[in-house]
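Data from entry03.cif: mmCIF, C-alpha atoms and all ligand atoms
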```cif
data_start
loop_
_atom_site.label_atom_id
_atom_site.label_comp_id
_atom_site.auth_asym_id
_atom_site.auth_seq_id
_atom_site.Cartn_x
_atom_site.Cartn_y
_atom_site.Cartn_z
CA TYR A 1 126.78 -39.89 75.36
CA ASN A 2 128.57 -39.30 78.60
CA TRP A 3 129.47 -35.62 78.21
CA THR A 4 131.59 -34.19 80.98
CA THR A 5 131.96 -30.45 81.52
CA ILE A 6 135.41 -29.09 80.63
CA LYS A 7 134.78 -25.57 81.91
CA GLU A 8 131.79 -23.64 83.20
CA TYR A 9 130.71 -20.49 81.35
CA GLU A 10 127.77 -18.10 81.40
CA ASP A 11 126.64 -18.25 77.75
CA ILE A 12 128.00 -21.54 76.43
CA LYS A 13 128.40 -25.17 77.45
CA PHE A 14 131.79 -26.75 76.88
CA GLU A 15 131.94 -30.53 77.17
CA PHE A 16 134.09 -33.53 76.36
CA CYS A 17 133.36 -37.11 75.33
CA ASP A 18 135.45 -39.75 73.47
CA GLY A 19 137.99 -37.39 71.89
CA VAL A 20 135.38 -34.77 70.98
CA GLY A 21 135.12 -31.26 72.43
CA LYS A 22 131.60 -29.85 72.13
CA VAL A 23 130.85 -26.14 72.27
CA THR A 24 127.13 -25.35 72.66
CA ILE A 25 125.77 -21.81 72.44
CA ASN A 26 123.39 -21.78 75.38
CA ARG A 27 121.05 -18.80 74.89
CA PRO A 28 117.93 -20.57 73.57
CA ARG A 29 115.60 -17.70 74.56
CA VAL A 30 117.19 -15.50 71.88
CA TYR A 31 117.62 -18.42 69.46
CA ASN A 32 121.27 -18.69 70.51
CA ALA A 33 122.15 -15.20 69.31
CA PHE A 34 125.63 -14.23 70.47
CA ARG A 35 126.72 -11.17 72.42
CA PRO A 36 130.41 -10.21 72.89
CA GLN A 37 130.55 -12.28 76.10
CA THR A 38 129.30 -15.39 74.23
CA VAL A 39 131.98 -14.97 71.59
CA LYS A 40 134.67 -14.35 74.22
CA GLU A 41 133.72 -17.63 75.87
CA MET A 42 133.71 -19.51 72.55
CA ILE A 43 137.18 -18.15 71.75
CA ASP A 44 138.39 -19.37 75.16
CA ALA A 45 136.86 -22.82 74.58
CA PHE A 46 138.41 -23.10 71.10
CA ASP A 47 141.80 -22.13 72.54
CA ILE A 48 141.43 -24.94 75.08
CA CYS A 49 140.51 -27.34 72.25
CA ARG A 50 143.72 -26.35 70.50
CA GLU A 51 145.86 -27.09 73.55
CA ARG A 52 144.22 -30.30 74.71
CA GLN A 53 145.91 -33.39 73.30
CA ASP A 54 142.88 -35.57 74.06
CA ILE A 55 140.59 -33.50 71.81
CA GLY A 56 140.86 -34.51 68.15
CA VAL A 57 137.63 -33.04 66.75
CA VAL A 58 135.46 -30.10 67.83
CA VAL A 59 131.67 -29.87 67.46
CA LEU A 60 129.91 -26.51 67.46
CA THR A 61 126.16 -26.46 68.08
CA GLY A 62 123.28 -24.60 69.70
CA GLU A 63 121.08 -25.49 72.65
CA GLY A 64 117.56 -26.82 71.98
CA ASP A 65 115.64 -27.74 68.85
CA LYS A 66 114.93 -24.26 67.46
CA ALA A 67 118.23 -22.66 66.57
CA PHE A 68 121.89 -23.34 65.93
CA CYS A 69 122.59 -19.60 66.13
CA SER A 70 120.63 -16.52 65.01
CA GLY A 71 123.72 -14.29 64.72
CA GLY A 72 124.54 -11.18 66.68
CA ASP A 73 122.20 -10.37 69.57
CA GLN A 74 120.13 -7.47 68.25
CA ASN A 75 119.41 -6.30 71.82
CA VAL A 76 123.03 -5.23 72.35
CA LYS A 77 123.80 -3.94 68.86
CA GLY A 78 124.90 -0.32 69.14
CA HIS A 79 127.12 2.20 67.38
CA GLY A 80 130.22 0.41 66.12
CA GLY A 81 129.27 -3.15 67.00
CA TYR A 82 127.79 -5.35 69.67
CA VAL A 83 128.23 -3.58 72.98
CA ASP A 84 129.79 -5.56 75.84
CA GLU A 85 129.25 -5.16 79.58
CA GLU A 86 131.86 -2.38 79.77
CA GLY A 87 130.09 -0.48 77.01
CA VAL A 88 132.72 -1.28 74.36
CA PRO A 89 131.35 -2.09 70.89
CA ARG A 90 132.84 -5.27 69.42
CA LEU A 91 132.75 -7.46 66.32
CA ASN A 92 134.80 -10.12 68.06
CA VAL A 93 133.07 -12.96 66.21
CA LEU A 94 135.55 -12.28 63.39
CA ASP A 95 138.33 -13.41 65.75
CA LEU A 96 136.36 -16.60 66.35
CA HIS A 97 136.17 -17.22 62.58
CA LYS A 98 139.98 -17.04 62.43
CA ARG A 99 140.28 -19.42 65.39
CA ILE A 100 137.97 -22.00 63.82
CA ARG A 101 139.83 -21.80 60.53
CA SER A 102 143.31 -22.07 61.98
CA LEU A 103 142.50 -24.77 64.56
CA PRO A 104 144.59 -27.72 63.34
CA LYS A 105 141.72 -30.13 64.02
CA PRO A 106 138.41 -30.67 62.20
CA VAL A 107 135.49 -28.51 63.39
CA VAL A 108 131.99 -29.85 62.70
CA ALA A 109 128.93 -27.60 62.78
CA MET A 110 126.02 -29.62 64.17
CA VAL A 111 123.15 -27.47 62.90
CA ASN A 112 120.05 -28.16 64.99
CA GLY A 113 117.71 -25.41 63.73
CA TYR A 114 118.03 -21.86 62.41
CA ALA A 115 121.51 -20.88 61.20
CA ILE A 116 120.83 -17.25 60.30
CA GLY A 117 123.00 -14.15 59.79
CA GLY A 118 126.20 -14.33 61.82
CA GLY A 119 124.99 -17.78 62.93
CA HIS A 120 124.99 -18.91 59.33
CA VAL A 121 128.54 -17.62 58.90
CA LEU A 122 129.62 -19.73 61.89
CA HIS A 123 128.57 -22.93 60.13
CA VAL A 124 130.12 -21.66 56.87
CA VAL A 125 133.55 -21.35 58.52
CA CYS A 126 133.36 -24.84 60.10
CA ASP A 127 135.02 -27.66 58.17
CA LEU A 128 131.92 -29.86 57.94
CA THR A 129 128.20 -29.39 58.53
CA VAL A 130 125.81 -32.07 59.73
CA ALA A 131 122.26 -30.72 59.94
CA SER A 132 118.91 -31.88 61.21
CA GLU A 133 115.89 -31.94 58.86
CA ASN A 134 114.40 -28.87 60.58
CA ALA A 135 117.52 -26.75 60.00
CA ILE A 136 117.05 -23.47 58.12
CA PHE A 137 119.88 -21.54 56.53
CA GLY A 138 120.31 -17.97 55.38
CA GLN A 139 121.95 -14.58 55.62
CA SER A 140 119.99 -11.60 56.94
CA GLY A 141 122.50 -8.74 57.08
CA PRO A 142 121.14 -6.53 54.27
CA LYS A 143 117.66 -6.91 55.85
CA VAL A 144 118.74 -5.79 59.33
CA GLY A 145 121.55 -3.35 58.53
CA SER A 146 124.66 -5.50 58.49
CA PHE A 147 126.94 -7.57 56.27
CA ASP A 148 129.94 -9.87 56.53
CA ALA A 149 132.07 -9.39 53.44
CA GLY A 150 134.80 -11.59 54.93
CA PHE A 151 134.65 -15.37 55.23
CA GLY A 152 130.86 -15.01 55.33
CA SER A 153 130.91 -13.98 51.67
CA SER A 154 134.06 -15.14 49.95
CA TYR A 155 134.27 -18.52 51.67
CA LEU A 156 130.51 -19.00 51.23
CA ALA A 157 131.05 -18.48 47.49
CA ARG A 158 133.66 -21.26 47.53
CA HIS A 159 130.98 -23.59 48.91
CA VAL A 160 128.05 -22.63 46.69
CA GLY A 161 129.51 -20.61 43.79
CA GLN A 162 129.33 -16.88 43.07
CA LYS A 163 125.77 -16.71 41.72
CA LYS A 164 124.27 -18.54 44.70
CA ALA A 165 126.38 -16.58 47.20
CA ARG A 166 125.10 -13.31 45.71
CA GLU A 167 121.52 -14.63 45.80
CA ILE A 168 121.89 -15.67 49.45
CA TRP A 169 123.19 -12.24 50.45
CA PHE A 170 121.17 -9.97 48.14
CA LEU A 171 117.76 -11.58 48.76
CA CYS A 172 118.18 -12.78 52.37
CA LYS A 173 115.90 -15.76 51.73
CA GLN A 174 115.74 -18.76 54.03
CA TYR A 175 116.69 -22.18 52.69
CA SER A 176 115.64 -25.64 53.88
CA ALA A 177 118.19 -28.26 54.87
CA LYS A 178 117.51 -30.04 51.58
CA GLU A 179 118.11 -26.87 49.56
CA ALA A 180 121.30 -26.23 51.51
CA GLU A 181 122.49 -29.78 50.83
CA ASP A 182 121.77 -29.39 47.10
CA MET A 183 123.89 -26.21 47.11
CA GLY A 184 126.86 -28.01 48.66
CA LEU A 185 126.46 -26.08 51.90
CA VAL A 186 125.73 -29.13 54.06
CA ASN A 187 127.45 -32.51 54.20
CA ARG A 188 124.63 -34.59 55.63
CA ILE A 189 121.02 -34.23 56.80
CA VAL A 190 119.46 -36.50 59.42
CA PRO A 191 116.29 -36.48 61.52
CA PHE A 192 116.63 -34.24 64.58
CA ASP A 193 116.65 -37.22 66.96
CA SER A 194 119.72 -38.75 65.33
CA LEU A 195 121.66 -35.51 64.85
CA GLU A 196 124.11 -36.00 67.69
CA GLU A 197 124.55 -39.72 66.97
CA GLU A 198 125.35 -39.09 63.30
CA THR A 199 127.69 -36.21 64.16
CA MET A 200 129.51 -38.32 66.72
CA GLU A 201 129.85 -41.13 64.18
CA TRP A 202 131.53 -38.72 61.75
CA CYS A 203 133.79 -37.53 64.56
CA GLN A 204 134.74 -41.06 65.54
CA ILE A 205 135.69 -41.89 61.94
CA MET A 206 137.91 -38.78 61.76
CA LEU A 207 139.46 -39.70 65.11
CA GLN A 208 140.62 -42.99 63.56
CA ARG A 209 142.42 -41.10 60.78
CA SER A 210 145.97 -39.72 61.02
CA PRO A 211 145.72 -36.40 62.89
CA MET A 212 148.74 -35.00 61.03
CA ALA A 213 147.22 -35.95 57.68
CA LEU A 214 143.91 -34.26 58.54
CA ARG A 215 145.80 -31.24 59.80
CA MET A 216 147.80 -30.85 56.59
CA ILE A 217 144.70 -31.28 54.41
CA LYS A 218 142.89 -28.55 56.36
CA ARG A 219 145.95 -26.32 56.04
CA GLY A 220 146.26 -26.94 52.31
CA LEU A 221 142.57 -26.32 51.60
CA ASN A 222 142.76 -23.11 53.65
CA ALA A 223 146.09 -21.96 52.18
CA GLU A 224 144.73 -21.81 48.65
CA LEU A 225 142.20 -19.21 49.81
CA ASP A 226 144.00 -17.42 52.63
CA GLY A 227 147.04 -16.03 50.84
CA GLN A 228 150.15 -15.24 52.87
CA SER A 229 148.52 -16.04 56.21
CA GLY A 230 147.32 -19.42 54.93
CA ILE A 231 150.80 -20.23 53.65
CA MET A 232 152.21 -19.13 57.01
CA GLU A 233 150.01 -21.64 58.87
CA MET A 234 150.93 -24.43 56.47
CA ALA A 235 154.61 -23.48 56.67
CA GLY A 236 154.40 -23.61 60.46
CA ASP A 237 153.28 -27.22 60.23
CA ALA A 238 156.05 -28.00 57.75
CA THR A 239 158.52 -26.65 60.31
CA LEU A 240 156.85 -28.72 63.02
CA MET A 241 157.34 -31.85 60.92
CA PHE A 242 160.92 -30.88 60.05
CA TYR A 243 161.73 -30.56 63.76
CA LEU A 244 160.58 -34.15 64.15
CA MET A 245 163.25 -35.29 61.63
CA GLU A 246 166.83 -36.30 62.37
CA GLU A 247 168.05 -33.75 59.85
CA ALA A 248 166.75 -30.80 61.90
CA GLN A 249 167.94 -32.38 65.13
CA GLU A 250 171.48 -32.69 63.70
CA GLY A 251 171.61 -28.89 63.26
CA ARG A 252 170.60 -28.26 66.84
CA LYS A 253 172.91 -30.95 68.25
CA ALA A 254 175.90 -29.63 66.29
CA PHE A 255 175.27 -26.12 67.62
CA LEU A 256 175.09 -27.31 71.22
CA GLU A 257 178.15 -29.59 70.78
CA LYS A 258 180.07 -26.68 69.16
CA ARG A 259 180.92 -28.67 65.99
CA ASP A 260 180.04 -28.38 62.30
CA PRO A 261 176.75 -30.09 61.42
CA ASP A 262 176.94 -33.21 59.24
CA PHE A 263 174.00 -32.78 56.89
CA LYS A 264 175.68 -34.96 54.20
CA GLN A 265 174.33 -38.10 55.88
CA PHE A 266 170.74 -37.18 54.97
CA PRO A 267 169.07 -38.30 51.75
CA LYS A 268 168.24 -35.92 48.94
CA PHE A 269 164.97 -37.39 47.79
CA PRO A 270 164.02 -36.99 44.11
O1 LIG B 1 126.27 -9.43 60.25
C1 LIG B 1 126.94 -9.64 61.38
C2 LIG B 1 128.30 -9.30 61.46
C3 LIG B 1 128.99 -8.70 60.38
C4 LIG B 1 130.32 -8.36 60.49
C5 LIG B 1 131.00 -8.58 61.66
C6 LIG B 1 130.36 -9.19 62.74
C7 LIG B 1 129.00 -9.53 62.65
C8 LIG B 1 128.34 -10.14 63.71
C9 LIG B 1 127.01 -10.48 63.61
C10 LIG B 1 126.30 -10.23 62.44
C11 LIG B 1 124.88 -10.64 62.39
O2 LIG B 1 124.55 -11.66 62.90
S1 LIG B 1 123.70 -9.65 61.60
C12 LIG B 1 122.29 -10.66 61.62
C13 LIG B 1 121.61 -10.71 63.01
N1 LIG B 1 120.59 -11.73 63.04
C14 LIG B 1 119.41 -11.69 62.44
O3 LIG B 1 119.08 -10.76 61.71
C15 LIG B 1 118.44 -12.80 62.70
C16 LIG B 1 117.29 -12.28 63.55
N2 LIG B 1 116.32 -13.34 63.78
C17 LIG B 1 115.43 -13.75 62.88
O4 LIG B 1 115.43 -13.35 61.72
C18 LIG B 1 114.38 -14.69 63.35
O5 LIG B 1 114.31 -14.62 64.77
C19 LIG B 1 114.64 -16.18 62.96
C20 LIG B 1 114.51 -16.29 61.43
C21 LIG B 1 116.00 -16.70 63.40
C22 LIG B 1 113.56 -17.05 63.62
O6 LIG B 1 112.28 -16.55 63.32
P1 LIG B 1 111.00 -17.06 64.14
O7 LIG B 1 110.91 -18.55 64.10
O8 LIG B 1 109.83 -16.26 63.64
O9 LIG B 1 111.31 -16.68 65.69
P2 LIG B 1 111.32 -15.24 66.37
O10 LIG B 1 110.00 -15.04 67.09
O11 LIG B 1 111.71 -14.18 65.41
O12 LIG B 1 112.51 -15.39 67.42
C23 LIG B 1 112.37 -16.14 68.62
C24 LIG B 1 112.93 -15.31 69.75
O13 LIG B 1 114.33 -15.18 69.58
C25 LIG B 1 112.38 -13.90 69.76
O14 LIG B 1 112.33 -13.51 71.11
P3 LIG B 1 110.94 -13.07 71.79
O15 LIG B 1 110.41 -11.96 70.98
O16 LIG B 1 110.08 -14.31 71.72
O17 LIG B 1 111.32 -12.71 73.20
C26 LIG B 1 113.43 -13.13 69.03
O18 LIG B 1 113.45 -11.76 69.39
C27 LIG B 1 114.71 -13.81 69.52
N3 LIG B 1 115.79 -13.63 68.57
C28 LIG B 1 115.96 -14.28 67.40
N4 LIG B 1 117.08 -13.88 66.79
C29 LIG B 1 117.62 -12.94 67.58
C30 LIG B 1 116.81 -12.78 68.72
N5 LIG B 1 117.10 -11.90 69.69
C31 LIG B 1 118.21 -11.17 69.55
N6 LIG B 1 119.05 -11.27 68.50
C32 LIG B 1 118.80 -12.14 67.49
N7 LIG B 1 119.66 -12.25 66.46
#
```

Would you mind writing the file's structure down as structure tokens?
Amino acid sequence: YNWTTIKEYEDIKFEFCDGVGKVTINRPRVYNAFRPQTVKEMIDAFDICRERQDIGVVVLTGEGDKAFCSGGDQNVKGHGGYVDEEGVPRLNVLDLHKRIRSLPKPVVAMVNGYAIGGGHVLHVVCDLTVASENAIFGQSGPKVGSFDAGFGSSYLARHVGQKKAREIWFLCKQYSAKEAEDMGLVNRIVPFDSLEEETMEWCQIMLQRSPMALRMIKRGLNAELDGQSGIMEMAGDATLMFYLMEEAQEGRKAFLEKRDPDFKQFPKFP
């Protein structure tokens, strides 16, 4: 693949190829653990993915063949969160979860190794997961003094069911790619050498589908779980589509032309 760099960062790589934006956590020495700076960069990259019309699908992965992401960097964990360069403790990965979920484009986790702790939650919040055979999945919070009772628990339970979600969190065991697939946590497993090829194939298929249809499906599947804020995002897209219709344009035109709108001309579908 002919990946071209979209923007240079310190902790991540952000590249583009054939309609796909790829975000790679690039801290292989700590198994792609994230610090606040890493998350800040990922949020920036996801915001760019949202704006760019030529990006239809986003892939999230980790550098190397050992880890997708091992969660929060334990070296900078302090009182109140993960401490940034100014000494401020942050849990800003939660903002990234919201970004991934509300991005109106599919996000594919390309899991190339360990997806542990906060790294596991990252793949959980992605729309799809393609994993290599060497991938290992699990939560570790209760073992290392942490927990994510947000999407990392409730959305996980939607994937694997309540009993399994409680097992994953209470025991902090590690699961093979095959076990994860059997739980409904992974869409597809392939040998490590074909991971990117398979992921790109999935992306290319989605890129041939109607972007508005994919967008509305993602919104609908989210809305069922996300309450008022999920409905808000879906409603925003309904408004977007309404603005594309003659009926909405008539209202605006009438206002600007200082006349009464003629809405009678529009059909009242059954
Ligand atoms: O729970 C939250 C949050 C909750 C709410 C809101 C925000 C949250 C944000 C984050 C998190 C969390 O992520 S908590 C969970 C933090 N992560 C972990 O507990 C995983 C720690 N790592 C491991 O358990 C293991 O390293 C491993 C199962 C992924 C791999 O084990 P393995 O194959 O034995 O390798 P290991 O030797 O342990 O690791 C390789 C290198 O990577 C080591 O460096 P070295 O000693 O060779 O210099 C290791 O220290 C480093 N490393 C691995 N994971 C991390 C790490 N360094 C810093 N932070 C890590 N998370």

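With distances taken over all atoms listed in the file, A:Lys77 is the one residue among A:Lys98, A:Arg90, A:Lys77, A:Lys163 lying closest to Ser146 (chain A).
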
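Across the model, the gap from CA of Ile12 (chain A) to CA of Gly150 (chain A) is 24.6 Å.
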
- Task: Return as a PyMOL selection string every polymer residue, whether protein, DNA or RNA, with at least one atom no more than 9 Å from an atom of ligand LIG 1 (chain B); count all atoms listed in the file.
- Result: chain A and resi 28-35+66-67+69-77+81-82+90-94+113-121+136-150+152+174

- Query: Using only C-alpha atoms, which residue out of A:Asn134, A:Ser153, A:Thr239, A:Ser102 lies closest to Tyr175 (chain A)?
  - Reply: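 When distances to Tyr175 (chain A) are compared using only C-alpha atoms, the smallest one comes from A:Asn134.
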
Near region 20-25 of chain A, counting only C-alpha atoms, which residues have an atom at most 6 Å away, once you skip same-chain residues fewer than 3 positions from it, shown as a PDB file with C-alpha atoms, in the coordinates of the input?
```
ATOM      1  CA  ILE A  12     128.000 -21.540  76.430  1.00  0.00           C
ATOM      2  CA  LYS A  13     128.400 -25.170  77.450  1.00  0.00           C
ATOM      3  CA  PHE A  14     131.790 -26.750  76.880  1.00  0.00           C
ATOM      4  CA  GLU A  15     131.940 -30.530  77.170  1.00  0.00           C
ATOM      5  CA  PHE A  16     134.090 -33.530  76.360  1.00  0.00           C
ATOM      6  CA  CYS A  17     133.360 -37.110  75.330  1.00  0.00           C
ATOM      7  CA  ASN A  32     121.270 -18.690  70.510  1.00  0.00           C
ATOM      8  CA  ILE A  55     140.590 -33.500  71.810  1.00  0.00           C
ATOM      9  CA  VAL A  57     137.630 -33.040  66.750  1.00  0.00           C
ATOM     10  CA  VAL A  58     135.460 -30.100  67.830  1.00  0.00           C
ATOM     11  CA  VAL A  59     131.670 -29.870  67.460  1.00  0.00           C
ATOM     12  CA  LEU A  60     129.910 -26.510  67.460  1.00  0.00           C
ATOM     13  CA  THR A  61     126.160 -26.460  68.080  1.00  0.00           C
ATOM     14  CA  GLY A  62     123.280 -24.600  69.700  1.00  0.00           C
ATOM     15  CA  GLU A  63     121.080 -25.490  72.650  1.00  0.00           C
TER      16      GLU A  63
END
```

- Message: I'd like the interatomic distance between CA of Ile43 (chain A) and CA of Asp95 (chain A), to a tenth of an Å.
- Response: 7.7 Å

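The gap separating CA of Glu224 (chain A) from CA of Arg166 (chain A) is 21.6 Å, in Å to one decimal.
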
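Nearest to Lys40 (chain A) of all the residues A:Leu96, A:Leu122, A:Leu128, A:Val88 is A:Leu96, counting all atoms listed in the file.
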
- Item | Residue with smallest distance to Ala135 (chain A) - pool A:Phe192, A:Tyr155, A:Phe263, A:Trp202, counting only C-alpha atoms | A:Phe192

- Query: Smallest atom-to-atom distance to Val108 (chain A): which of A:Thr199, A:Gln53, A:Ser176, A:Ser132, using all atoms listed in the file?
  - Reply: A:Thr199

- Message: Report as a list in words all protein, DNA and RNA residues lying within 10 Å of Asp237 (chain A), evaluated on all atoms listed in the file, omitting residues in the same chain fewer than 5 positions from it.
- Response: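 These residues fall inside the cut-off: Pro104, Met212, Arg215, Met216, Arg219, Ile231, Met232, Phe242 and Tyr243 of chain A.
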
- Message: I'd like the neighbourhood of Leu221 (chain A) as an NGL selection string, where a residue qualifies if any of its atoms comes within 10 Å (using only C-alpha atoms), though same-chain residues fewer than 5 positions away should be ignored.
- Response: :A and (216 or 226 or 230 or 234)

- Item | Residue nearest Gly220 (chain A) among A:Val190, A:Gly19, A:Asp11, A:Arg101 (counting all atoms listed in the file) |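 Among the listed residues, A:Arg101 lies closest to Gly220 (chain A).
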
- Pick out the residues sitting within 9 Å of Glu10 (chain A), and hand them over as a ChimeraX atom specification; count all atoms listed in the file, and ignore anything fewer than 2 positions along from it in its own chain. /A:8,12-13,26,37-38,41

Any chance you could model all heavy atoms for region 138-147 of chain A and send them as a PDB file, keeping the file's coordinate frame?
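Here's the written file out30.pdb:
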```
ATOM      1  N   GLY A 138     120.433 -19.219  56.124  1.00  0.00           N
ATOM      2  CA  GLY A 138     120.310 -17.970  55.380  1.00  0.00           C
ATOM      3  C   GLY A 138     121.083 -16.819  55.988  1.00  0.00           C
ATOM      4  O   GLY A 138     121.436 -16.843  57.162  1.00  0.00           O
ATOM      5  N   GLN A 139     121.355 -15.837  55.149  1.00  0.00           N
ATOM      6  CA  GLN A 139     121.950 -14.580  55.620  1.00  0.00           C
ATOM      7  C   GLN A 139     120.829 -13.560  55.793  1.00  0.00           C
ATOM      8  O   GLN A 139     119.800 -13.626  55.118  1.00  0.00           O
ATOM      9  CB  GLN A 139     122.999 -14.077  54.647  1.00  0.00           C
ATOM     10  CG  GLN A 139     124.204 -14.982  54.489  1.00  0.00           C
ATOM     11  CD  GLN A 139     125.000 -15.253  55.758  1.00  0.00           C
ATOM     12  OE1 GLN A 139     125.632 -16.273  55.907  1.00  0.00           O
ATOM     13  NE2 GLN A 139     124.956 -14.328  56.707  1.00  0.00           N
ATOM     14  N   SER A 140     121.033 -12.589  56.688  1.00  0.00           N
ATOM     15  CA  SER A 140     119.990 -11.600  56.940  1.00  0.00           C
ATOM     16  C   SER A 140     120.532 -10.171  56.981  1.00  0.00           C
ATOM     17  O   SER A 140     119.765  -9.217  57.097  1.00  0.00           O
ATOM     18  CB  SER A 140     119.291 -11.897  58.262  1.00  0.00           C
ATOM     19  OG  SER A 140     120.230 -11.759  59.325  1.00  0.00           O
ATOM     20  N   GLY A 141     121.868 -10.043  56.891  1.00  0.00           N
ATOM     21  CA  GLY A 141     122.500  -8.740  57.080  1.00  0.00           C
ATOM     22  C   GLY A 141     121.820  -7.585  56.350  1.00  0.00           C
ATOM     23  O   GLY A 141     121.344  -6.638  56.982  1.00  0.00           O
ATOM     24  N   PRO A 142     121.721  -7.652  55.014  1.00  0.00           N
ATOM     25  CA  PRO A 142     121.140  -6.530  54.270  1.00  0.00           C
ATOM     26  C   PRO A 142     119.694  -6.216  54.671  1.00  0.00           C
ATOM     27  O   PRO A 142     119.195  -5.147  54.360  1.00  0.00           O
ATOM     28  CB  PRO A 142     121.220  -7.014  52.813  1.00  0.00           C
ATOM     29  CG  PRO A 142     122.393  -7.940  52.803  1.00  0.00           C
ATOM     30  CD  PRO A 142     122.332  -8.663  54.134  1.00  0.00           C
ATOM     31  N   LYS A 143     119.036  -7.148  55.373  1.00  0.00           N
ATOM     32  CA  LYS A 143     117.660  -6.910  55.850  1.00  0.00           C
ATOM     33  C   LYS A 143     117.668  -6.157  57.179  1.00  0.00           C
ATOM     34  O   LYS A 143     116.746  -5.422  57.490  1.00  0.00           O
ATOM     35  CB  LYS A 143     116.961  -8.267  56.019  1.00  0.00           C
ATOM     36  CG  LYS A 143     115.476  -8.231  55.846  1.00  0.00           C
ATOM     37  CD  LYS A 143     114.865  -9.634  55.640  1.00  0.00           C
ATOM     38  CE  LYS A 143     115.086 -10.570  56.808  1.00  0.00           C
ATOM     39  NZ  LYS A 143     114.538 -11.918  56.530  1.00  0.00           N
ATOM     40  N   VAL A 144     118.729  -6.372  57.977  1.00  0.00           N
ATOM     41  CA  VAL A 144     118.740  -5.790  59.330  1.00  0.00           C
ATOM     42  C   VAL A 144     119.887  -4.792  59.530  1.00  0.00           C
ATOM     43  O   VAL A 144     120.208  -4.427  60.661  1.00  0.00           O
ATOM     44  CB  VAL A 144     118.827  -6.905  60.412  1.00  0.00           C
ATOM     45  CG1 VAL A 144     117.614  -7.816  60.338  1.00  0.00           C
ATOM     46  CG2 VAL A 144     120.125  -7.712  60.302  1.00  0.00           C
ATOM     47  N   GLY A 145     120.517  -4.380  58.420  1.00  0.00           N
ATOM     48  CA  GLY A 145     121.550  -3.350  58.530  1.00  0.00           C
ATOM     49  C   GLY A 145     122.906  -3.888  58.905  1.00  0.00           C
ATOM     50  O   GLY A 145     123.564  -3.368  59.813  1.00  0.00           O
ATOM     51  N   SER A 146     123.329  -4.941  58.220  1.00  0.00           N
ATOM     52  CA  SER A 146     124.660  -5.500  58.490  1.00  0.00           C
ATOM     53  C   SER A 146     125.158  -6.261  57.261  1.00  0.00           C
ATOM     54  O   SER A 146     124.418  -6.468  56.301  1.00  0.00           O
ATOM     55  CB  SER A 146     124.592  -6.439  59.692  1.00  0.00           C
ATOM     56  OG  SER A 146     125.894  -6.921  59.976  1.00  0.00           O
ATOM     57  N   PHE A 147     126.410  -6.650  57.291  1.00  0.00           N
ATOM     58  CA  PHE A 147     126.940  -7.570  56.270  1.00  0.00           C
ATOM     59  C   PHE A 147     128.272  -8.112  56.752  1.00  0.00           C
ATOM     60  O   PHE A 147     128.959  -7.474  57.552  1.00  0.00           O
ATOM     61  CB  PHE A 147     127.114  -6.872  54.905  1.00  0.00           C
ATOM     62  CG  PHE A 147     128.082  -5.727  54.912  1.00  0.00           C
ATOM     63  CD1 PHE A 147     129.436  -5.949  54.671  1.00  0.00           C
ATOM     64  CD2 PHE A 147     127.656  -4.431  55.149  1.00  0.00           C
ATOM     65  CE1 PHE A 147     130.336  -4.885  54.668  1.00  0.00           C
ATOM     66  CE2 PHE A 147     128.544  -3.375  55.143  1.00  0.00           C
ATOM     67  CZ  PHE A 147     129.897  -3.598  54.908  1.00  0.00           C
TER      68      PHE A 147
END
```
